[in-house]
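Engineer: What follows is upload-v9.cif, made up of mmCIF, C-alpha atoms:
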```
data_model
loop_
_atom_site.label_atom_id
_atom_site.label_comp_id
_atom_site.auth_asym_id
_atom_site.auth_seq_id
_atom_site.Cartn_x
_atom_site.Cartn_y
_atom_site.Cartn_z
CA VAL S 171 0.00 0.00 0.00
CA ASP S 172 1.38 3.44 -0.92
CA GLN S 173 2.43 5.17 2.29
CA CYS S 174 0.81 8.41 1.10
CA LEU S 175 -2.58 6.71 1.31
CA VAL S 176 -2.09 5.74 4.94
CA ARG S 177 -2.87 8.14 7.75
CA GLY S 178 -0.35 7.92 10.56
CA SER S 179 -0.35 9.45 14.03
CA MET S 180 1.34 12.65 12.78
CA ASN S 181 -0.24 12.62 9.35
CA TYR S 182 -2.98 15.22 9.58
CA LEU S 183 -3.38 15.64 5.83
CA ALA S 184 -6.14 13.62 4.18
CA PRO S 185 -4.84 10.67 2.11
CA TRP S 186 -3.35 11.73 -1.20
CA SER S 187 -1.90 9.99 -4.24
CA PRO S 188 1.66 10.77 -5.44
CA ASP S 189 0.48 11.05 -9.05
CA PRO S 190 2.44 14.06 -10.38
CA ALA S 191 -0.17 15.03 -12.97
CA LYS S 192 -2.98 15.02 -10.40
CA LEU S 193 -0.90 16.93 -7.88
CA GLU S 194 0.09 19.56 -10.45
CA TYR S 195 -3.60 20.13 -11.13
CA GLU S 196 -4.68 20.14 -7.48
CA TYR S 197 -1.92 22.48 -6.32
CA SER S 198 -2.10 24.94 -9.24
CA PRO S 199 -4.45 27.68 -7.98
CA SER S 200 -4.96 29.15 -11.44
CA GLN S 201 -6.63 25.89 -12.51
CA TRP S 202 -9.34 26.43 -9.92
CA SER S 203 -9.78 30.19 -9.89
CA LYS S 204 -12.17 32.43 -11.76
CA ARG S 205 -9.14 33.96 -13.43
CA THR S 206 -5.49 32.91 -13.62
CA TYR S 207 -2.84 34.57 -11.48
CA ALA S 208 -1.65 36.42 -14.60
CA ASP S 209 -5.15 37.88 -14.97
CA TYR S 210 -5.34 38.80 -11.28
CA ALA S 211 -1.84 40.34 -11.24
CA PRO S 212 -2.92 43.78 -12.53
CA ASP S 213 -5.43 43.94 -9.66
CA PHE S 214 -2.71 43.16 -7.14
CA THR S 215 -0.49 45.88 -8.62
CA ARG S 216 -3.22 48.52 -8.92
CA ASP S 217 -4.61 47.88 -5.46
CA GLY S 218 -1.12 47.86 -3.96
CA GLU S 219 -0.40 51.27 -5.46
CA ARG S 220 -3.68 52.64 -4.10
CA GLU S 221 -2.94 51.33 -0.62
CA TYR S 222 0.56 52.79 -0.76
CA GLU S 223 -0.80 56.22 -1.65
CA SER S 224 -3.21 56.09 1.27
CA VAL S 225 -0.60 55.12 3.87
CA LYS S 226 2.72 56.46 2.55
CA ALA S 227 2.76 59.39 4.97
CA ARG S 228 2.71 56.90 7.87
CA LEU S 229 4.87 54.19 6.32
CA ASP S 230 8.53 53.45 6.97
CA ARG S 231 10.85 50.92 5.36
CA VAL S 232 12.61 48.85 8.04
CA GLU S 233 15.56 46.64 7.16
CA TYR S 234 15.83 43.52 9.32
CA GLY S 235 18.91 42.16 7.52
CA LYS S 236 21.49 43.02 4.90
CA ARG S 237 20.09 41.24 1.84
CA GLU S 238 18.18 43.29 -0.72
CA ARG S 239 14.77 41.88 0.16
CA GLU S 240 15.25 41.72 3.92
CA PHE S 241 12.92 44.56 4.84
CA PHE S 242 9.33 45.24 5.78
CA GLU S 243 6.96 48.12 5.27
CA TRP S 244 6.07 49.39 8.73
CA ILE S 245 3.22 51.53 10.03
CA PRO S 246 3.52 52.15 13.79
CA GLY S 247 0.29 52.25 15.76
CA SER S 248 -0.95 52.43 19.31
CA PRO S 249 0.61 50.10 21.91
CA LEU S 250 -2.96 49.41 23.03
CA GLN S 251 -3.83 47.82 19.67
CA PRO S 252 -2.42 44.64 18.10
CA THR S 253 0.54 44.42 15.76
CA PHE S 254 -0.06 42.52 12.52
CA MET S 255 2.72 41.11 10.34
CA TRP S 256 1.70 39.88 6.88
CA ILE S 257 3.72 37.50 4.66
CA HIS S 258 2.87 37.41 0.96
CA GLY S 259 2.58 34.21 -1.08
CA GLY S 260 4.00 33.29 -4.48
CA TYR S 261 5.06 29.64 -3.99
CA TRP S 262 8.34 30.84 -2.42
CA GLN S 263 9.51 32.21 -5.78
CA GLY S 264 7.31 35.15 -6.72
CA SER S 265 5.30 38.22 -5.70
CA SER S 266 6.38 41.07 -3.43
CA VAL S 267 5.18 43.52 -0.79
CA SER S 268 3.84 45.78 -3.54
CA GLU S 269 1.18 43.15 -4.27
CA ALA S 270 0.42 42.46 -0.61
CA ARG S 271 -0.80 45.73 0.86
CA TYR S 272 -4.47 44.79 1.15
CA GLY S 273 -6.01 46.11 4.34
CA MET S 274 -3.02 48.17 5.49
CA SER S 275 -5.01 51.40 5.54
CA ARG S 276 -7.97 49.76 7.31
CA LEU S 277 -5.75 48.45 10.09
CA ALA S 278 -3.73 51.64 10.34
CA ASP S 279 -6.95 53.64 10.70
CA LEU S 280 -7.75 51.43 13.70
CA ASP S 281 -4.34 52.35 15.20
CA TRP S 282 -2.91 48.87 14.61
CA SER S 283 0.79 48.55 13.93
CA VAL S 284 1.29 46.86 10.56
CA ALA S 285 4.31 45.14 9.00
CA ASN S 286 4.21 44.00 5.37
CA LEU S 287 7.11 41.57 5.05
CA GLU S 288 9.49 41.10 2.16
CA TYR S 289 11.83 38.12 2.00
CA THR S 290 14.36 36.56 -0.38
CA LEU S 291 12.87 34.25 -2.98
CA ALA S 292 14.03 31.03 -4.60
CA PRO S 293 16.43 30.31 -6.17
CA ALA S 294 18.44 33.01 -4.37
CA ALA S 295 17.25 31.56 -1.04
CA THR S 296 16.16 28.17 0.23
CA ILE S 297 12.89 27.76 2.10
CA TYR S 298 15.00 27.30 5.24
CA ASP S 299 16.50 30.75 4.56
CA MET S 300 13.03 32.26 4.15
CA VAL S 301 11.90 30.86 7.49
CA ASP S 302 15.01 32.33 9.13
CA GLU S 303 14.25 35.71 7.56
CA CYS S 304 10.69 35.63 8.93
CA VAL S 305 12.06 34.87 12.40
CA LEU S 306 14.50 37.79 12.13
CA ALA S 307 11.68 40.09 11.05
CA ILE S 308 9.53 39.05 14.01
CA GLN S 309 12.43 39.71 16.36
CA GLU S 310 12.89 43.16 14.84
CA ILE S 311 9.17 43.90 15.22
CA ARG S 312 9.40 42.92 18.89
CA THR S 313 11.92 45.73 19.39
CA ARG S 314 9.35 48.18 18.04
CA SER S 315 6.14 46.95 19.60
CA ASN S 316 5.22 45.15 22.81
CA ALA S 317 1.62 44.72 21.71
CA LYS S 318 -0.02 41.41 20.90
CA LEU S 319 1.59 40.11 17.71
CA ILE S 320 -0.55 38.44 15.05
CA VAL S 321 1.40 36.88 12.17
CA GLY S 322 -0.48 36.08 8.99
CA GLY S 323 0.27 34.89 5.51
CA HIS S 324 -1.26 33.75 2.26
CA SER S 325 -0.39 30.51 0.45
CA ALA S 326 3.40 30.07 0.82
CA GLY S 327 3.28 33.01 3.22
CA ALA S 328 0.92 31.06 5.49
CA HIS S 329 3.42 28.19 5.49
CA LEU S 330 6.24 30.58 6.44
CA ALA S 331 4.09 32.17 9.16
CA LEU S 332 3.51 28.83 10.89
CA MET S 333 7.11 27.70 10.43
CA ALA S 334 8.40 30.92 11.99
CA ALA S 335 5.91 30.70 14.86
CA GLN S 336 7.40 27.33 15.79
CA SER S 337 10.71 29.07 16.53
CA VAL S 338 9.76 32.49 17.89
CA ARG S 339 6.80 33.34 20.08
CA VAL S 340 3.73 34.97 18.53
CA GLU S 341 0.33 35.36 20.16
CA GLU S 342 -1.93 34.65 17.18
CA LEU S 343 -1.85 33.39 13.60
CA LEU S 344 -3.92 34.12 10.50
CA LEU S 345 -3.35 31.34 7.95
CA VAL S 346 -4.94 31.89 4.54
CA SER S 347 -5.02 29.23 1.81
CA GLY S 348 -1.74 27.73 2.96
CA VAL S 349 0.28 24.59 2.35
CA PHE S 350 1.45 23.07 5.63
CA ASP S 351 2.44 19.53 4.57
CA LEU S 352 4.92 19.89 1.72
CA ARG S 353 5.30 16.21 0.89
CA PRO S 354 2.87 16.35 -2.07
CA LEU S 355 4.85 19.23 -3.57
CA ALA S 356 8.01 17.10 -3.60
CA HIS S 357 6.35 15.12 -6.43
CA MET S 358 5.73 18.22 -8.55
CA SER S 359 7.88 20.25 -10.95
CA LEU S 360 7.97 22.93 -8.26
CA ARG S 361 10.42 20.79 -6.30
CA ASP S 362 13.29 21.70 -8.61
CA GLU S 363 12.45 25.40 -8.54
CA VAL S 364 12.43 25.67 -4.74
CA GLY S 365 14.79 22.81 -3.85
CA LEU S 366 12.34 20.31 -2.38
CA ASP S 367 12.89 16.57 -1.99
CA GLN S 368 11.20 13.91 0.14
CA SER S 369 13.59 14.43 3.04
CA ASN S 370 13.48 18.20 3.40
CA ALA S 371 9.77 18.30 2.49
CA GLU S 372 9.11 16.56 5.80
CA LYS S 373 11.43 18.86 7.72
CA LEU S 374 9.80 21.89 6.12
CA SER S 375 6.26 20.70 6.87
CA PRO S 376 5.15 22.45 10.06
CA MET S 377 2.37 19.91 10.65
CA LEU S 378 5.02 17.21 10.91
CA ASN S 379 7.05 19.17 13.43
CA THR S 380 6.69 20.69 16.88
CA PHE S 381 7.00 24.10 18.51
CA SER S 382 10.24 24.96 20.30
CA VAL S 383 8.43 27.90 21.92
CA PRO S 384 4.91 28.13 23.38
CA ALA S 385 2.28 27.75 20.67
CA PRO S 386 0.07 30.72 19.80
CA VAL S 387 -3.00 31.26 21.92
CA ARG S 388 -5.29 31.55 18.92
CA ALA S 389 -5.25 30.86 15.19
CA LYS S 390 -7.65 31.71 12.39
CA VAL S 391 -7.60 29.49 9.31
CA LEU S 392 -9.23 30.72 6.11
CA VAL S 393 -9.58 29.08 2.69
CA GLY S 394 -11.72 29.89 -0.33
CA ALA S 395 -14.66 27.55 -0.86
CA GLU S 396 -13.83 27.48 -4.59
CA GLU S 397 -10.24 26.30 -4.08
CA SER S 398 -9.14 22.77 -4.89
CA GLN S 399 -9.88 19.97 -2.46
CA SER S 400 -6.16 19.70 -1.75
CA PHE S 401 -5.95 23.31 -0.54
CA ILE S 402 -9.11 22.82 1.52
CA ASP S 403 -7.61 19.62 2.98
CA GLN S 404 -4.44 21.48 3.93
CA SER S 405 -6.45 24.10 5.83
CA ASN S 406 -8.60 21.47 7.54
CA ALA S 407 -5.46 19.57 8.55
CA VAL S 408 -3.63 22.56 10.01
CA ALA S 409 -6.73 23.46 12.04
CA GLU S 410 -6.74 19.94 13.50
CA TYR S 411 -2.99 20.04 14.14
CA LEU S 412 -3.22 23.33 16.04
CA THR S 413 -6.30 22.24 17.95
CA ASP S 414 -4.37 19.20 19.18
CA LEU S 415 -1.80 21.64 20.55
CA GLN S 416 -4.53 23.37 22.60
CA VAL S 417 -4.58 26.39 20.30
CA SER S 418 -7.99 28.04 20.05
CA VAL S 419 -8.77 27.66 16.34
CA ILE S 420 -11.44 29.37 14.25
CA SER S 421 -11.76 27.94 10.73
CA LYS S 422 -13.72 29.34 7.83
CA LYS S 423 -14.38 28.56 4.18
CA ALA S 424 -15.12 31.82 2.38
CA PRO S 425 -18.17 31.25 0.14
CA GLY S 426 -17.60 32.01 -3.53
CA ARG S 427 -13.93 32.80 -3.06
CA ASP S 428 -10.93 31.32 -4.83
CA HIS S 429 -7.21 31.36 -4.00
CA PHE S 430 -6.81 34.94 -5.20
CA ASP S 431 -10.01 36.89 -4.63
CA VAL S 432 -10.08 35.74 -1.01
CA ILE S 433 -7.26 38.32 -0.80
CA THR S 434 -8.31 40.94 -3.37
CA LEU S 435 -11.75 41.21 -1.76
CA GLN S 436 -10.11 41.40 1.68
CA ASN S 437 -11.89 38.43 3.20
CA HIS S 438 -8.74 37.82 5.22
CA ILE S 439 -8.88 41.28 6.76
CA ASP S 440 -12.59 40.91 7.50
CA PHE S 441 -11.84 37.58 9.20
CA LEU S 442 -8.91 39.08 11.11
CA LEU S 443 -11.14 41.81 12.54
CA GLU S 444 -13.94 39.46 13.57
CA SER S 445 -14.02 38.88 17.33
#
```
Output the structure of this file as C-alpha cells.
Structural biologist:
Amino acid sequence: VDQCLVRGSMNYLAPWSPDPAKLEYEYSPSQWSKRTYADYAPDFTRDGEREYESVKARLDRVEYGKREREFFEWIPGSPLQPTFMWIHGGYWQGSSVSEARYGMSRLADLDWSVANLEYTLAPAATIYDMVDECVLAIQEIRTRSNAKLIVGGHSAGAHLALMAAQSVRVEELLLVSGVFDLRPLAHMSLRDEVGLDQSNAEKLSPMLNTFSVPAPVRAKVLVGAEESQSFIDQSNAVAEYLTDLQVSVISKKAPGRDHFDVITLQNHIDFLLES
C-alpha cells in the first residue's frame, strides 16, 4: 500500500496519491480560480499602489537584515492595539510587498501597527532561509512593539508564518489558503524550482514538526470555498494540528472565493477583525 494513502499518528493531511499530474492540477491555484494569477496580477499591482498612496505618509521601510529583500513596510500604531505582520505568497519564488498591501489602511486607521514583510525568494534563497528571515523580522518587530503580535500569511506566506511561529513566540496566527504539509509538492515540478525533496519536504512541513516555543493562543484558518480539495484539505489539517496543541482555532471557508479573490476582496482582513 502506498504510504501516502495511509494516515499515521502525525499525518494530519487527508490521504493523497503521489500522481504528479494530479498533484500539479490540485496544487495549481490558477486551474481552480475564476481567473489565472496572470489575470489577477494587474489587480494586485493597482490595489497595492492605491494602498501605498493612502498610507505612505505613515509608512517606513525597516531593514531587518542586509540582503536586498530583507525589509518590511512598517506603520507604527498604538501600543494598546495589536501588531499585525503579513507574509505574501507566491510559492516561495514570486510576488512582493507591492502586491500584498491589502487592508493596510484599514488596520492603520484602527491604530494597529502593521508590518508587510518582504523576503528573499528562490532560487536566491532556500525555504529554510526564508523561514530564518521571517524569524529575524519578528524579532525586529518585537523591538518596536510590545503589543499582541498576530502573524499572517497567504499561500506560501501562510506556510512561512507557521514555520516561523514554531521558533519564535507569537500570540496569534492568520493562515490563509496555505500549504502546511509539503510532501505532495516534492512530487511536482515545483520541487526543482524551490529545492524540495522527500527528506526536506518533511522537515519543512510544520504539521510534521513541533513548537520549540509556546504555541500561539489563537489561530484563524481561512480558505476559499472554490479552491481545490487539496488546498481545503491542507487548511482542515492545520486546524486539527493546532487544535491538538490546545490552540484556540477558528476555521472558515469563504463562500464564492478562490485562491486569489479571497485576498483581493479582503476576506482575510474581515476575518482578522472578527471577534
Engineer: Applying 8 Å and only C-alpha atoms, which residues near Val346 in chain S remain after dropping the ones on its own chain fewer than 5 positions away? List them as a list in words.
Structural biologist: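 Counting only the stated atoms, we get Gly322, Gly323, His324, Ser325, Ala328, Val391, Leu392, Val393 and His438 of chain S.
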Engineer: Export, as a JSON list (two decimals), keeping the file's coordinate frame, the selected residues with C-alpha atoms.
Structural biologist:
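Writing done, so here's result21.json:
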```json
[["chain", "number", "residue", "atom", "x", "y", "z"],
["S", 322, "GLY", "CA", -0.48, 36.08, 8.99],
["S", 323, "GLY", "CA", 0.27, 34.89, 5.51],
["S", 324, "HIS", "CA", -1.26, 33.75, 2.26],
["S", 325, "SER", "CA", -0.39, 30.51, 0.45],
["S", 328, "ALA", "CA", 0.92, 31.06, 5.49],
["S", 391, "VAL", "CA", -7.60, 29.49, 9.31],
["S", 392, "LEU", "CA", -9.23, 30.72, 6.11],
["S", 393, "VAL", "CA", -9.58, 29.08, 2.69],
["S", 438, "HIS", "CA", -8.74, 37.82, 5.22]]
```
Engineer: Quick one: of S:Ala389, S:Gly394, S:Tyr207, S:Val349, who's nearest to Leu435 in chain S, counting only C-alpha atoms?
Structural biologist: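 The closest residue to Leu435 in chain S is S:Gly394.
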Engineer: What's around Glu410 in chain S at 10 Å? Count all atoms listed in the file, leave out sequence neighbours fewer than 6 positions away in its own chain, and write the answer as a PyMOL selection string.
Structural biologist: chain S and resi 182-183+377+404+416-417+419+421
Engineer: Identify which of the residues S:Ser400, S:Ser200, S:Ser283, S:Ser369 lies closest to Ser248 in chain S, counting all atoms listed in the file when measuring atom-to-atom distances.
Structural biologist: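 Of all the options, S:Ser283 lies closest to Ser248 in chain S.
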Engineer: Grab the CA of Arg239 in chain S to CA of Met358 in chain S distance for me, in Å with one decimal place.
Structural biologist: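 A separation of 26.8 Å between them.
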Engineer: Using CA of Gly327 in chain S and CA of His258 in chain S as the two end points, give the distance in Å to one decimal.
Structural biologist: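 Between these atoms lies a distance of 5.0 Å.
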Engineer: Which is closest to Pro249 in chain S among S:Val364, S:Val301, S:Ala317, S:Leu345, if we use all atoms listed in the file?
Structural biologist: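 Closest to Pro249 in chain S of all the choices is S:Ala317.
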Engineer: What residues come out when you apply the PyMOL selection byres ((chain S and resi 405) around 7) to this file, written as a ChimeraX atom specification?
Structural biologist: /S:347-348,391,393,401-404,406-409
Engineer: Identify which of the residues S:Pro386, S:Gly365, S:Pro185, S:Pro425 lies closest to Thr296 in chain S, counting all atoms listed in the file when measuring atom-to-atom distances.
Structural biologist: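 When distances to Thr296 in chain S are compared using all atoms listed in the file, the smallest one comes from S:Gly365.
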Engineer: Given only C-alpha atoms as the basis, pick out the residue of S:Glu363, S:Asn181, S:Tyr261, S:Ile245 nearest to Pro199 in chain S.
Structural biologist: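 Selected residue with least distance to Pro199 in chain S: S:Tyr261.
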Engineer: Residues within 9 Å of (10.6, 54.8, 8.1), file coordinates, counting all atoms listed in the file: what are they? Give the list as a list in words.
Structural biologist: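 With a cut-off of 9 Å, the residues come to Arg228, Leu229, Asp230, Arg231, Val232, Glu243, Trp244 and Ile245 of chain S.
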Engineer: To test your reading of the syntax: which residues would the PyMOL selection byres ((chain S and resi 388) around 10) return for the file shown? Reply as an MDAnalysis selection string.
Structural biologist: chainID S and resid 320 340:344 385:387 389:390 412:413 416:420
Engineer: Create the file for the chosen residues now, containing C-alpha atoms and written as a PDB file, in the frame of the given file.
Structural biologist:
```pdb
ATOM      1  CA  ILE S 320      -0.550  38.440  15.050  1.00  0.00           C
ATOM      2  CA  VAL S 340       3.730  34.970  18.530  1.00  0.00           C
ATOM      3  CA  GLU S 341       0.330  35.360  20.160  1.00  0.00           C
ATOM      4  CA  GLU S 342      -1.930  34.650  17.180  1.00  0.00           C
ATOM      5  CA  LEU S 343      -1.850  33.390  13.600  1.00  0.00           C
ATOM      6  CA  LEU S 344      -3.920  34.120  10.500  1.00  0.00           C
ATOM      7  CA  ALA S 385       2.280  27.750  20.670  1.00  0.00           C
ATOM      8  CA  PRO S 386       0.070  30.720  19.800  1.00  0.00           C
ATOM      9  CA  VAL S 387      -3.000  31.260  21.920  1.00  0.00           C
ATOM     10  CA  ALA S 389      -5.250  30.860  15.190  1.00  0.00           C
ATOM     11  CA  LYS S 390      -7.650  31.710  12.390  1.00  0.00           C
ATOM     12  CA  LEU S 412      -3.220  23.330  16.040  1.00  0.00           C
ATOM     13  CA  THR S 413      -6.300  22.240  17.950  1.00  0.00           C
ATOM     14  CA  GLN S 416      -4.530  23.370  22.600  1.00  0.00           C
ATOM     15  CA  VAL S 417      -4.580  26.390  20.300  1.00  0.00           C
ATOM     16  CA  SER S 418      -7.990  28.040  20.050  1.00  0.00           C
ATOM     17  CA  VAL S 419      -8.770  27.660  16.340  1.00  0.00           C
ATOM     18  CA  ILE S 420     -11.440  29.370  14.250  1.00  0.00           C
TER      19      ILE S 420
END
```
